[in-house]
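Below is coords_22.cif, which holds mmCIF, C-alpha atoms and all ligand atoms.
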data_input
#
loop_
_atom_site.group_PDB
_atom_site.id
_atom_site.type_symbol
_atom_site.label_atom_id
_atom_site.label_comp_id
_atom_site.auth_asym_id
_atom_site.auth_seq_id
_atom_site.Cartn_x
_atom_site.Cartn_y
_atom_site.Cartn_z
ATOM 1 C CA MET F 1 -33.385 -9.935 8.266
ATOM 2 C CA PRO F 2 -33.154 -6.150 7.745
ATOM 3 C CA VAL F 3 -29.747 -4.567 8.167
ATOM 4 C CA ARG F 4 -30.655 -0.999 7.227
ATOM 5 C CA ASP F 5 -29.568 0.695 10.411
ATOM 6 C CA GLY F 6 -26.894 -1.826 11.258
ATOM 7 C CA SER F 7 -23.306 -0.772 11.661
ATOM 8 C CA GLU F 8 -20.518 -2.372 9.653
ATOM 9 C CA GLN F 9 -19.944 -4.855 12.487
ATOM 10 C CA ASP F 10 -23.537 -6.038 12.292
ATOM 11 C CA LEU F 11 -23.311 -6.346 8.541
ATOM 12 C CA ILE F 12 -20.135 -8.425 8.823
ATOM 13 C CA MET F 13 -21.778 -10.699 11.366
ATOM 14 C CA LEU F 14 -24.734 -11.273 9.045
ATOM 15 C CA LEU F 15 -22.448 -11.869 6.078
ATOM 16 C CA LYS F 16 -20.551 -14.474 8.061
ATOM 17 C CA ALA F 17 -23.894 -16.086 8.856
ATOM 18 C CA GLN F 18 -24.540 -16.313 5.061
ATOM 19 C CA ASP F 19 -27.565 -14.030 5.274
ATOM 20 C CA ASP F 20 -29.049 -13.418 1.804
ATOM 21 C CA GLN F 21 -30.384 -9.949 2.551
ATOM 22 C CA ALA F 22 -27.047 -8.863 4.033
ATOM 23 C CA PHE F 23 -25.264 -9.933 0.859
ATOM 24 C CA HIS F 24 -27.793 -8.055 -1.241
ATOM 25 C CA GLU F 25 -27.152 -4.955 0.847
ATOM 26 C CA ALA F 26 -23.377 -5.369 0.653
ATOM 27 C CA VAL F 27 -23.440 -5.889 -3.117
ATOM 28 C CA SER F 28 -25.248 -2.626 -3.741
ATOM 29 C CA THR F 29 -23.140 -0.712 -1.228
ATOM 30 C CA TYR F 30 -19.682 -1.918 -2.184
ATOM 31 C CA THR F 31 -19.864 -2.773 -5.876
ATOM 32 C CA PRO F 32 -19.350 0.818 -7.140
ATOM 33 C CA GLY F 33 -16.047 1.173 -5.307
ATOM 34 C CA MET F 34 -14.907 -2.314 -6.307
ATOM 35 C CA LEU F 35 -15.663 -1.503 -9.906
ATOM 36 C CA ALA F 36 -13.651 1.705 -9.662
ATOM 37 C CA VAL F 37 -10.676 -0.303 -8.424
ATOM 38 C CA ALA F 38 -11.006 -2.892 -11.181
ATOM 39 C CA ARG F 39 -11.266 -0.221 -13.842
ATOM 40 C CA PHE F 40 -7.922 1.105 -12.769
ATOM 41 C CA TYR F 41 -6.417 -2.065 -14.179
ATOM 42 C CA LEU F 42 -8.804 -3.441 -16.757
ATOM 43 C CA ASP F 43 -11.132 -2.496 -19.560
ATOM 44 C CA PRO F 44 -14.753 -1.911 -18.461
ATOM 45 C CA SER F 45 -16.220 -5.289 -19.385
ATOM 46 C CA THR F 46 -13.349 -7.337 -17.931
ATOM 47 C CA ALA F 47 -13.578 -5.155 -14.822
ATOM 48 C CA GLU F 48 -17.248 -6.108 -14.409
ATOM 49 C CA GLU F 49 -16.371 -9.789 -14.797
ATOM 50 C CA VAL F 50 -13.684 -9.568 -12.138
ATOM 51 C CA VAL F 51 -15.988 -7.828 -9.674
ATOM 52 C CA GLN F 52 -18.629 -10.533 -10.218
ATOM 53 C CA ASP F 53 -16.058 -13.265 -9.601
ATOM 54 C CA CYS F 54 -14.837 -11.507 -6.491
ATOM 55 C CA TRP F 55 -18.299 -11.508 -4.937
ATOM 56 C CA VAL F 56 -18.567 -15.250 -5.413
ATOM 57 C CA THR F 57 -15.171 -15.598 -3.730
ATOM 58 C CA VAL F 58 -16.351 -13.386 -0.882
ATOM 59 C CA VAL F 59 -19.153 -15.836 -0.031
ATOM 60 C CA ASP F 60 -16.456 -18.322 0.987
ATOM 61 C CA ALA F 61 -13.787 -15.890 2.154
ATOM 62 C CA ILE F 62 -15.897 -13.762 4.496
ATOM 63 C CA GLY F 63 -15.554 -16.456 7.157
ATOM 64 C CA LYS F 64 -11.823 -15.728 7.242
ATOM 65 C CA PHE F 65 -12.246 -11.935 7.423
ATOM 66 C CA GLU F 66 -10.656 -10.839 10.677
ATOM 67 C CA GLY F 67 -11.602 -7.194 10.658
ATOM 68 C CA ARG F 68 -8.073 -5.827 10.865
ATOM 69 C CA SER F 69 -8.987 -3.468 8.018
ATOM 70 C CA GLY F 70 -12.422 -2.118 7.216
ATOM 71 C CA LEU F 71 -14.729 -4.267 5.124
ATOM 72 C CA LYS F 72 -14.492 -1.848 2.193
ATOM 73 C CA THR F 73 -10.702 -1.886 2.170
ATOM 74 C CA TRP F 74 -10.682 -5.664 2.436
ATOM 75 C CA LEU F 75 -13.026 -5.997 -0.553
ATOM 76 C CA HIS F 76 -11.025 -3.503 -2.597
ATOM 77 C CA ARG F 77 -7.825 -5.435 -1.911
ATOM 78 C CA ILE F 78 -9.403 -8.669 -3.106
ATOM 79 C CA VAL F 79 -10.361 -6.926 -6.335
ATOM 80 C CA ALA F 80 -6.933 -5.336 -6.776
ATOM 81 C CA ASN F 81 -5.116 -8.636 -6.202
ATOM 82 C CA ARG F 82 -7.309 -10.462 -8.649
ATOM 83 C CA CYS F 83 -6.758 -7.765 -11.259
ATOM 84 C CA LYS F 84 -2.995 -7.913 -10.756
ATOM 85 C CA ASN F 85 -3.028 -11.669 -11.234
ATOM 86 C CA LYS F 86 -5.014 -11.272 -14.391
ATOM 87 C CA LEU F 87 -2.564 -8.700 -15.676
ATOM 88 C CA ARG F 88 0.496 -10.813 -15.076
ATOM 89 C CA SER F 89 -0.086 -12.369 -18.468
ATOM 90 C CA GLY F 90 -1.366 -9.217 -20.131
ATOM 91 C CA LYS F 91 -0.317 -5.627 -20.491
ATOM 92 C CA ARG F 92 -0.988 -2.591 -18.409
ATOM 93 C CA GLU F 93 -1.597 0.914 -19.650
ATOM 94 C CA VAL F 94 -0.432 3.909 -17.650
ATOM 95 C CA ALA F 95 -1.809 7.165 -18.936
ATOM 96 C CA THR F 96 -0.820 9.906 -16.504
ATOM 97 C CA ASP F 97 2.463 11.779 -16.773
ATOM 98 C CA PHE F 98 3.421 11.987 -13.104
ATOM 99 C CA SER F 99 6.093 14.621 -13.704
ATOM 100 C CA GLU F 100 3.557 17.246 -14.737
ATOM 101 C CA SER F 101 1.140 18.364 -12.053
ATOM 102 C CA LEU F 102 -0.746 21.005 -14.038
ATOM 103 C CA GLU F 103 -3.295 20.214 -16.694
ATOM 104 C CA PRO F 104 -2.045 21.662 -20.016
ATOM 105 C CA GLU F 105 -5.276 23.614 -20.387
ATOM 106 C CA LEU F 106 -4.685 25.272 -17.018
ATOM 107 C CA ALA F 107 -0.923 25.667 -17.436
ATOM 108 C CA GLU F 108 -1.363 27.840 -20.503
ATOM 109 C CA ARG F 109 -3.428 30.326 -18.510
ATOM 110 C CA PHE F 110 -0.271 31.637 -16.776
ATOM 111 C CA ASN F 111 2.192 34.073 -18.340
ATOM 112 C CA ALA F 112 5.973 33.714 -18.382
ATOM 113 C CA THR F 113 6.369 35.393 -14.979
ATOM 114 C CA GLY F 114 4.009 32.855 -13.382
ATOM 115 C CA ARG F 115 1.061 35.213 -12.942
ATOM 116 C CA TRP F 116 -2.451 34.544 -14.186
ATOM 117 C CA ASP F 117 -2.931 35.488 -17.814
ATOM 118 C CA VAL F 118 -6.482 34.178 -17.912
ATOM 119 C CA PRO F 119 -7.594 34.165 -14.269
ATOM 120 C CA PRO F 120 -10.614 32.177 -13.096
ATOM 121 C CA ARG F 121 -13.481 34.303 -14.294
ATOM 122 C CA LEU F 122 -16.168 33.769 -11.743
ATOM 123 C CA GLN F 123 -16.713 32.218 -8.412
ATOM 124 C CA PHE F 124 -18.640 28.965 -8.083
ATOM 125 C CA HIS F 125 -21.057 30.573 -5.661
ATOM 126 C CA GLU F 126 -23.467 27.703 -5.149
ATOM 127 C CA SER F 127 -22.840 24.910 -2.710
ATOM 128 C CA ALA F 128 -22.018 21.446 -4.014
ATOM 129 C CA ASP F 129 -25.470 20.180 -3.058
ATOM 130 C CA THR F 130 -27.201 22.988 -4.953
ATOM 131 C CA LEU F 131 -24.960 22.391 -7.947
ATOM 132 C CA MET F 132 -25.828 18.695 -7.930
ATOM 133 C CA GLU F 133 -29.534 19.503 -8.150
ATOM 134 C CA ASN F 134 -28.780 20.759 -11.625
ATOM 135 C CA GLY F 135 -29.385 17.616 -13.659
ATOM 136 C CA ALA F 136 -27.515 18.917 -16.694
ATOM 137 C CA LEU F 137 -24.408 19.590 -14.625
ATOM 138 C CA SER F 138 -24.641 16.180 -13.031
ATOM 139 C CA ASP F 139 -24.816 14.562 -16.492
ATOM 140 C CA CYS F 140 -21.891 16.673 -17.601
ATOM 141 C CA LEU F 141 -19.876 15.534 -14.595
ATOM 142 C CA ASP F 142 -20.649 11.922 -15.473
ATOM 143 C CA LYS F 143 -19.482 12.490 -18.996
ATOM 144 C CA HIS F 144 -16.210 14.064 -17.893
ATOM 145 C CA LEU F 145 -15.596 11.428 -15.243
ATOM 146 C CA SER F 146 -15.904 8.658 -17.775
ATOM 147 C CA ALA F 147 -13.490 10.517 -20.069
ATOM 148 C CA LEU F 148 -10.784 10.707 -17.365
ATOM 149 C CA PRO F 149 -7.837 8.319 -17.675
ATOM 150 C CA GLU F 150 -8.690 5.228 -15.621
ATOM 151 C CA THR F 151 -5.927 5.971 -13.133
ATOM 152 C CA GLN F 152 -7.217 9.445 -12.352
ATOM 153 C CA ARG F 153 -10.814 8.335 -12.214
ATOM 154 C CA SER F 154 -10.142 5.507 -9.787
ATOM 155 C CA ALA F 155 -8.058 7.717 -7.526
ATOM 156 C CA LEU F 156 -10.729 10.397 -7.552
ATOM 157 C CA ILE F 157 -13.579 7.994 -6.913
ATOM 158 C CA LEU F 158 -11.824 6.124 -4.118
ATOM 159 C CA TYR F 159 -10.488 9.237 -2.412
ATOM 160 C CA GLU F 160 -13.334 11.720 -2.847
ATOM 161 C CA ALA F 161 -16.487 9.722 -3.365
ATOM 162 C CA HIS F 162 -15.600 6.725 -1.202
ATOM 163 C CA GLN F 163 -13.533 8.680 1.318
ATOM 164 C CA HIS F 164 -10.690 6.194 1.522
ATOM 165 C CA LYS F 165 -7.586 7.368 3.358
ATOM 166 C CA SER F 166 -4.615 8.128 1.075
ATOM 167 C CA GLU F 167 -2.599 5.179 2.348
ATOM 168 C CA ASP F 168 -5.479 2.829 1.549
ATOM 169 C CA VAL F 169 -5.801 4.242 -1.957
ATOM 170 C CA CYS F 170 -2.036 3.835 -2.484
ATOM 171 C CA ASN F 171 -2.294 0.286 -1.214
ATOM 172 C CA ILE F 172 -5.268 -0.603 -3.350
ATOM 173 C CA LEU F 173 -4.019 0.987 -6.554
ATOM 174 C CA ASP F 174 -0.350 0.258 -5.950
ATOM 175 C CA VAL F 175 0.822 3.824 -6.575
ATOM 176 C CA SER F 176 3.229 5.892 -4.496
ATOM 177 C CA ALA F 177 1.921 8.623 -2.210
ATOM 178 C CA SER F 178 3.385 11.362 -4.377
ATOM 179 C CA ASN F 179 1.930 9.900 -7.556
ATOM 180 C CA LEU F 180 -1.474 9.709 -5.887
ATOM 181 C CA ARG F 181 -1.222 13.438 -5.166
ATOM 182 C CA VAL F 182 -0.581 14.075 -8.870
ATOM 183 C CA LEU F 183 -3.484 11.843 -9.924
ATOM 184 C CA LEU F 184 -5.876 13.638 -7.604
ATOM 185 C CA HIS F 185 -4.705 17.099 -8.519
ATOM 186 C CA ARG F 186 -4.893 16.447 -12.250
ATOM 187 C CA ALA F 187 -8.392 15.000 -11.952
ATOM 188 C CA ARG F 188 -9.626 17.884 -9.794
ATOM 189 C CA GLN F 189 -8.311 20.444 -12.273
ATOM 190 C CA LYS F 190 -10.280 18.718 -15.018
ATOM 191 C CA ILE F 191 -13.455 18.918 -12.928
ATOM 192 C CA PHE F 192 -12.680 22.574 -12.150
ATOM 193 C CA LEU F 193 -12.273 23.381 -15.866
ATOM 194 C CA MET F 194 -15.474 21.533 -16.645
ATOM 195 C CA VAL F 195 -17.559 23.392 -14.045
ATOM 196 C CA GLU F 196 -16.081 26.715 -15.173
ATOM 197 C CA THR F 197 -17.092 26.109 -18.781
ATOM 198 C CA PHE F 198 -20.484 24.880 -17.676
ATOM 199 C CA GLN F 199 -21.187 27.940 -15.530
ATOM 200 C CA GLU F 200 -20.127 30.322 -18.278
ATOM 201 C CA THR F 201 -21.788 28.739 -21.260
ATOM 202 C CA GLY F 202 -24.408 26.442 -19.772
ATOM 203 C CA GLU F 203 -22.924 23.767 -21.974
ATOM 204 C CA CYS F 204 -20.952 20.674 -21.170
ATOM 205 C CA MET U 1 8.327 34.333 -3.767
ATOM 206 C CA LEU U 2 5.396 32.097 -4.505
ATOM 207 C CA MET U 3 3.845 32.911 -7.888
ATOM 208 C CA CYS U 4 0.276 32.162 -8.969
ATOM 209 C CA ARG U 5 1.472 29.242 -11.085
ATOM 210 C CA ASP U 6 3.381 27.736 -8.150
ATOM 211 C CA LEU U 7 0.278 28.010 -6.051
ATOM 212 C CA ALA U 8 -1.803 26.261 -8.706
ATOM 213 C CA VAL U 9 0.695 23.372 -8.651
ATOM 214 C CA ILE U 10 0.250 22.761 -4.915
ATOM 215 C CA ALA U 11 -3.403 23.817 -4.653
ATOM 216 C CA SER U 12 -4.770 20.327 -3.926
ATOM 217 C CA ASP U 13 -2.108 19.716 -1.295
ATOM 218 C CA TYR U 14 -3.153 22.993 0.325
ATOM 219 C CA ILE U 15 -6.839 22.014 0.274
ATOM 220 C CA ASP U 16 -6.096 18.585 1.774
ATOM 221 C CA GLY U 17 -3.759 19.972 4.429
ATOM 222 C CA GLU U 18 -0.743 18.122 3.032
ATOM 223 C CA LEU U 19 1.666 21.087 2.975
ATOM 224 C CA THR U 20 4.428 21.794 5.478
ATOM 225 C CA GLY U 21 3.881 24.685 7.858
ATOM 226 C CA ARG U 22 6.148 26.973 5.871
ATOM 227 C CA GLN U 23 4.545 26.178 2.513
ATOM 228 C CA ASN U 24 1.134 26.615 4.060
ATOM 229 C CA LEU U 25 2.095 30.036 5.353
ATOM 230 C CA SER U 26 3.391 31.224 1.995
ATOM 231 C CA VAL U 27 0.169 30.083 0.311
ATOM 232 C CA LYS U 28 -1.859 32.003 2.912
ATOM 233 C CA MET U 29 0.242 35.147 2.362
ATOM 234 C CA HIS U 30 -0.195 34.885 -1.381
ATOM 235 C CA LEU U 31 -3.944 34.398 -1.039
ATOM 236 C CA MET U 32 -4.236 37.568 1.049
ATOM 237 C CA MET U 33 -2.810 39.590 -1.811
ATOM 238 C CA CYS U 34 -4.209 37.777 -4.846
ATOM 239 C CA LYS U 35 -7.899 37.712 -5.646
ATOM 240 C CA ALA U 36 -7.503 35.497 -8.726
ATOM 241 C CA CYS U 37 -5.867 32.764 -6.657
ATOM 242 C CA ARG U 38 -8.503 33.094 -3.938
ATOM 243 C CA THR U 39 -11.127 32.466 -6.596
ATOM 244 C CA PHE U 40 -9.100 29.578 -7.993
ATOM 245 C CA ILE U 41 -8.695 27.853 -4.631
ATOM 246 C CA GLY U 42 -12.365 28.433 -3.812
ATOM 247 C CA ASN U 43 -13.455 26.944 -7.110
ATOM 248 C CA LEU U 44 -11.090 23.992 -6.903
ATOM 249 C CA ARG U 45 -12.400 23.270 -3.418
ATOM 250 C CA ALA U 46 -15.986 23.533 -4.712
ATOM 251 C CA SER U 47 -15.091 21.097 -7.503
ATOM 252 C CA THR U 48 -13.728 18.692 -4.917
ATOM 253 C CA GLU U 49 -16.903 18.909 -2.856
ATOM 254 C CA LEU U 50 -18.924 18.438 -6.003
ATOM 255 C CA MET U 51 -17.108 15.163 -6.587
ATOM 256 C CA GLN U 52 -17.865 14.075 -3.044
ATOM 257 C CA ALA U 53 -21.554 14.892 -3.474
ATOM 258 C CA HIS U 54 -21.739 13.101 -6.786
ATOM 259 C CA SER U 55 -22.711 9.493 -6.432
ATOM 260 C CA SER U 56 -20.055 7.970 -8.589
ATOM 261 C CA GLY U 57 -18.968 4.602 -9.813
ATOM 262 C CA HIS U 58 -22.615 4.000 -10.785
ATOM 263 C CA PRO U 59 -22.493 0.418 -12.020
ATOM 264 C CA ASN U 60 -25.603 -0.346 -14.027
ATOM 265 C CA GLU U 61 -28.569 -2.055 -12.434
ATOM 266 C CA ASP U 62 -28.030 -5.007 -14.690
ATOM 267 C CA LEU U 63 -24.606 -5.775 -13.242
ATOM 268 C CA LEU U 64 -25.922 -5.514 -9.686
ATOM 269 C CA ARG U 65 -28.727 -7.926 -10.561
ATOM 270 C CA ARG U 66 -26.301 -10.413 -12.095
ATOM 271 C CA ILE U 67 -24.066 -10.256 -9.037
ATOM 272 C CA ASP U 68 -27.045 -10.691 -6.725
ATOM 273 C CA GLN U 69 -28.077 -13.826 -8.592
ATOM 274 C CA GLN U 70 -24.582 -15.292 -8.564
ATOM 275 C CA VAL U 71 -24.135 -14.575 -4.885
ATOM 276 C CA ALA U 72 -27.519 -16.115 -4.075
ATOM 277 C CA GLU U 73 -26.526 -19.211 -6.004
ATOM 278 C CA ALA U 74 -23.138 -19.414 -4.286
ATOM 279 C CA LEU U 75 -24.889 -19.129 -0.928
ATOM 280 C CA ARG U 76 -27.296 -21.939 -1.851
ATOM 281 C CA THR U 77 -24.432 -24.179 -2.989
ATOM 282 C CA ARG U 78 -22.508 -23.466 0.168
ATOM 283 C CA LYS U 79 -25.479 -24.123 2.423
ATOM 284 C CA SER U 80 -26.323 -27.411 0.705
ATOM 285 C CA ARG U 81 -22.657 -28.464 0.882
ATOM 286 C CA SER U 82 -22.471 -27.837 4.625
ATOM 287 C CA GLY U 83 -25.888 -29.565 4.888
ATOM 288 C CA ASP U 84 -24.413 -32.684 3.282
ATOM 289 C CA GLN U 85 -21.614 -32.819 5.806
ATOM 290 C CA GLU U 86 -23.963 -32.875 8.752
HETATM 291 ZN ZN ZN C 301 -2.034 34.510 -7.373
#
Target format structure tokens, applied to this file:
Amino acid sequence: MPVRDGSEQDLIMLLKAQDDQAFHEAVSTYTPGMLAVARFYLDPSTAEEVVQDCWVTVVDAIGKFEGRSGLKTWLHRIVANRCKNKLRSGKREVATDFSESLEPELAERFNATGRWDVPPRLQFHESADTLMENGALSDCLDKHLSALPETQRSALILYEAHQHKSEDVCNILDVSASNLRVLLHRARQKIFLMVETFQETGEC
Amino acid sequence: MLMCRDLAVIASDYIDGELTGRQNLSVKMHLMMCKACRTFIGNLRASTELMQAHSSGHPNEDLLRRIDQQVAEALRTRKSRSGDQE
């Protein structure tokens, strides 16, 4: 049964009815975000394992889904809870210094009086869509995204690419609202610095 | 007075509309006078939009295929289980 034009409600109905095609659709739609959540807690290969396990759980659990939150948020919470359980026996790495909201590389571009010493040199004139048509830039963005600390990457992916509300991201990742602001800001500055270098030199 | 560095610290909050009215006003005043910060805010906003346009997360096809198979199997098991009960 095709669900291409179906709304989330239709998709949920089909999932509850154990429809194969609906699950296929849901897996390809929601796995990227679930993986981003898992990577916040775990190394890449364990994160993939957890997301796989979660989908198997979802086959049984979807019948109990009441729709109080969106489907995406519900799935992300399942992943986050499973990761937290897994971590109870292990360790957790936190990479971001929440007390510093400027990237060092940007911070050193101001002088002692707080004015720009090395101001932004040129304007990113093209629109985001035009920029994305540049395959080299897109590859470069991928490279820099994967180099971000997991915390920053997950926050960025959930907030920007998956358009979660801040409170959902805080809930999913278990960070405070003010720490989420730092995570986002730090990650955006890194992307800004990357695009600036790319536009000036043509190199990643 | 708000300096360029101060503005850089709260730039994302400005872009996302998370500042208080007074902070927002002082950013706007600063931006009127400071071209470098206008460029900075513009570029940071462009970077943010770039992120939104970029299809991210990108799990590999292989993982999606594995999940599809596992889910299909779980569905089969579940259906045969409920079949047994009837
Ligand atoms: Zn300025």
Ground truth for the PyMOL selection byres (((not hetatm)) within 9 of (chain C and resi 301)), written as a PyMOL selection string: (chain F and resi 114-116+119) or (chain U and resi 2-8+30-31+33-38+40)
Using only C-alpha atoms and a cut-off of 6 Å, which residues of chain F sit close to chain U? Please list them as a list in words. Pro32, Gln52, Val56, Gly114, Arg115, Pro119, Pro120, Gln123, Phe124, Ala128, Glu160, Ala161, His185 and Phe192 of chain F
Atom CA of Lys16 of chain F to atom CA of Arg82 of chain F: how many Å, to one decimal? 21.7 Å
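Rounded to one decimal, atom CA of Arg68 of chain F and atom CA of Leu184 of chain F lie 26.9 Å from each other.
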Check which residues satisfy the PyMOL selection byres (((chain F and resi 171-179) around 10) and not hetatm) in the file shown, then give them as a PyMOL selection string. chain F and resi 37-38+40-41+73-81+84+96-99+101+151+154-155+158+164-170+180-185
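Between atom CA of Pro104 of chain F and atom CA of Arg188 of chain F the interatomic distance comes to 13.3 Å.
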Selection in question (the file shown): the PyMOL selection byres (((chain F and resi 199) around 12) and not hetatm). Which residues does it include, as an NGL selection string? (:F and (120-126 or 131 or 134 or 136-137 or 140 or 192-198 or 200-204)) or (:U and (43))
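If you measure from each of F:Val27, F:Glu150, F:Glu8, F:Asp142 to Ala47 of chain F using all atoms listed in the file, the closest one turns out to be F:Glu150.
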Reconstruct all heavy atoms of segment 70-78 of chain F; output as a tab-separated table (two decimals), in the frame of the given file.
chain	number	residue	atom	x	y	z
F	70	GLY	N	-10.98	-2.24	7.42
F	70	GLY	CA	-12.42	-2.12	7.22
F	70	GLY	C	-12.88	-3.07	6.13
F	70	GLY	O	-12.08	-3.56	5.34
F	71	LEU	N	-14.17	-3.35	6.12
F	71	LEU	CA	-14.73	-4.27	5.12
F	71	LEU	C	-14.47	-3.76	3.71
F	71	LEU	O	-14.09	-4.51	2.81
F	71	LEU	CB	-16.23	-4.43	5.36
F	71	LEU	CG	-17.00	-5.35	4.42
F	71	LEU	CD1	-16.44	-6.77	4.47
F	71	LEU	CD2	-18.49	-5.36	4.76
F	72	LYS	N	-14.67	-2.44	3.52
F	72	LYS	CA	-14.49	-1.85	2.19
F	72	LYS	C	-13.05	-2.03	1.69
F	72	LYS	O	-12.83	-2.46	0.56
F	72	LYS	CB	-14.84	-0.36	2.28
F	72	LYS	CG	-14.82	0.37	0.97
F	72	LYS	CD	-15.45	1.75	1.11
F	72	LYS	CE	-14.54	2.69	1.89
F	72	LYS	NZ	-15.12	4.05	1.98
F	73	THR	N	-12.10	-1.75	2.55
F	73	THR	CA	-10.70	-1.89	2.17
F	73	THR	C	-10.37	-3.34	1.85
F	73	THR	O	-9.66	-3.64	0.89
F	73	THR	CB	-9.78	-1.36	3.30
F	73	THR	OG1	-10.16	-0.02	3.59
F	73	THR	CG2	-8.33	-1.39	2.89
F	74	TRP	N	-10.91	-4.23	2.65
F	74	TRP	CA	-10.68	-5.66	2.44
F	74	TRP	C	-11.20	-6.08	1.06
F	74	TRP	O	-10.50	-6.75	0.29
F	74	TRP	CB	-11.37	-6.45	3.55
F	74	TRP	CG	-11.21	-7.93	3.51
F	74	TRP	CD1	-10.07	-8.65	3.78
F	74	TRP	CD2	-12.22	-8.90	3.17
F	74	TRP	NE1	-10.31	-9.99	3.64
F	74	TRP	CE2	-11.63	-10.17	3.28
F	74	TRP	CE3	-13.56	-8.81	2.82
F	74	TRP	CZ2	-12.33	-11.36	3.04
F	74	TRP	CZ3	-14.27	-9.97	2.58
F	74	TRP	CH2	-13.66	-11.23	2.68
F	75	LEU	N	-12.43	-5.66	0.75
F	75	LEU	CA	-13.03	-6.00	-0.55
F	75	LEU	C	-12.21	-5.40	-1.70
F	75	LEU	O	-11.96	-6.07	-2.71
F	75	LEU	CB	-14.47	-5.47	-0.62
F	75	LEU	CG	-15.50	-6.17	0.26
F	75	LEU	CD1	-16.80	-5.37	0.32
F	75	LEU	CD2	-15.77	-7.58	-0.26
F	76	HIS	N	-11.78	-4.16	-1.53
F	76	HIS	CA	-11.02	-3.50	-2.60
F	76	HIS	C	-9.69	-4.19	-2.82
F	76	HIS	O	-9.19	-4.28	-3.94
F	76	HIS	CB	-10.84	-2.01	-2.27
F	76	HIS	CG	-12.11	-1.23	-2.41
F	76	HIS	ND1	-12.17	0.13	-2.27
F	76	HIS	CD2	-13.37	-1.63	-2.68
F	76	HIS	CE1	-13.43	0.53	-2.45
F	76	HIS	NE2	-14.16	-0.52	-2.70
F	77	ARG	N	-9.09	-4.71	-1.75
F	77	ARG	CA	-7.82	-5.44	-1.91
F	77	ARG	C	-8.01	-6.74	-2.66
F	77	ARG	O	-7.19	-7.11	-3.49
F	77	ARG	CB	-7.19	-5.73	-0.55
F	77	ARG	CG	-6.39	-4.58	-0.07
F	77	ARG	CD	-5.30	-4.97	0.92
F	77	ARG	NE	-4.93	-3.74	1.60
F	77	ARG	CZ	-5.19	-3.48	2.86
F	77	ARG	NH1	-5.79	-4.37	3.63
F	77	ARG	NH2	-4.86	-2.33	3.39
F	78	ILE	N	-9.11	-7.43	-2.37
F	78	ILE	CA	-9.40	-8.67	-3.11
F	78	ILE	C	-9.49	-8.37	-4.60
F	78	ILE	O	-8.90	-9.08	-5.42
F	78	ILE	CB	-10.73	-9.30	-2.60
F	78	ILE	CG1	-10.56	-9.81	-1.18
F	78	ILE	CG2	-11.17	-10.44	-3.53
F	78	ILE	CD1	-11.83	-10.41	-0.58
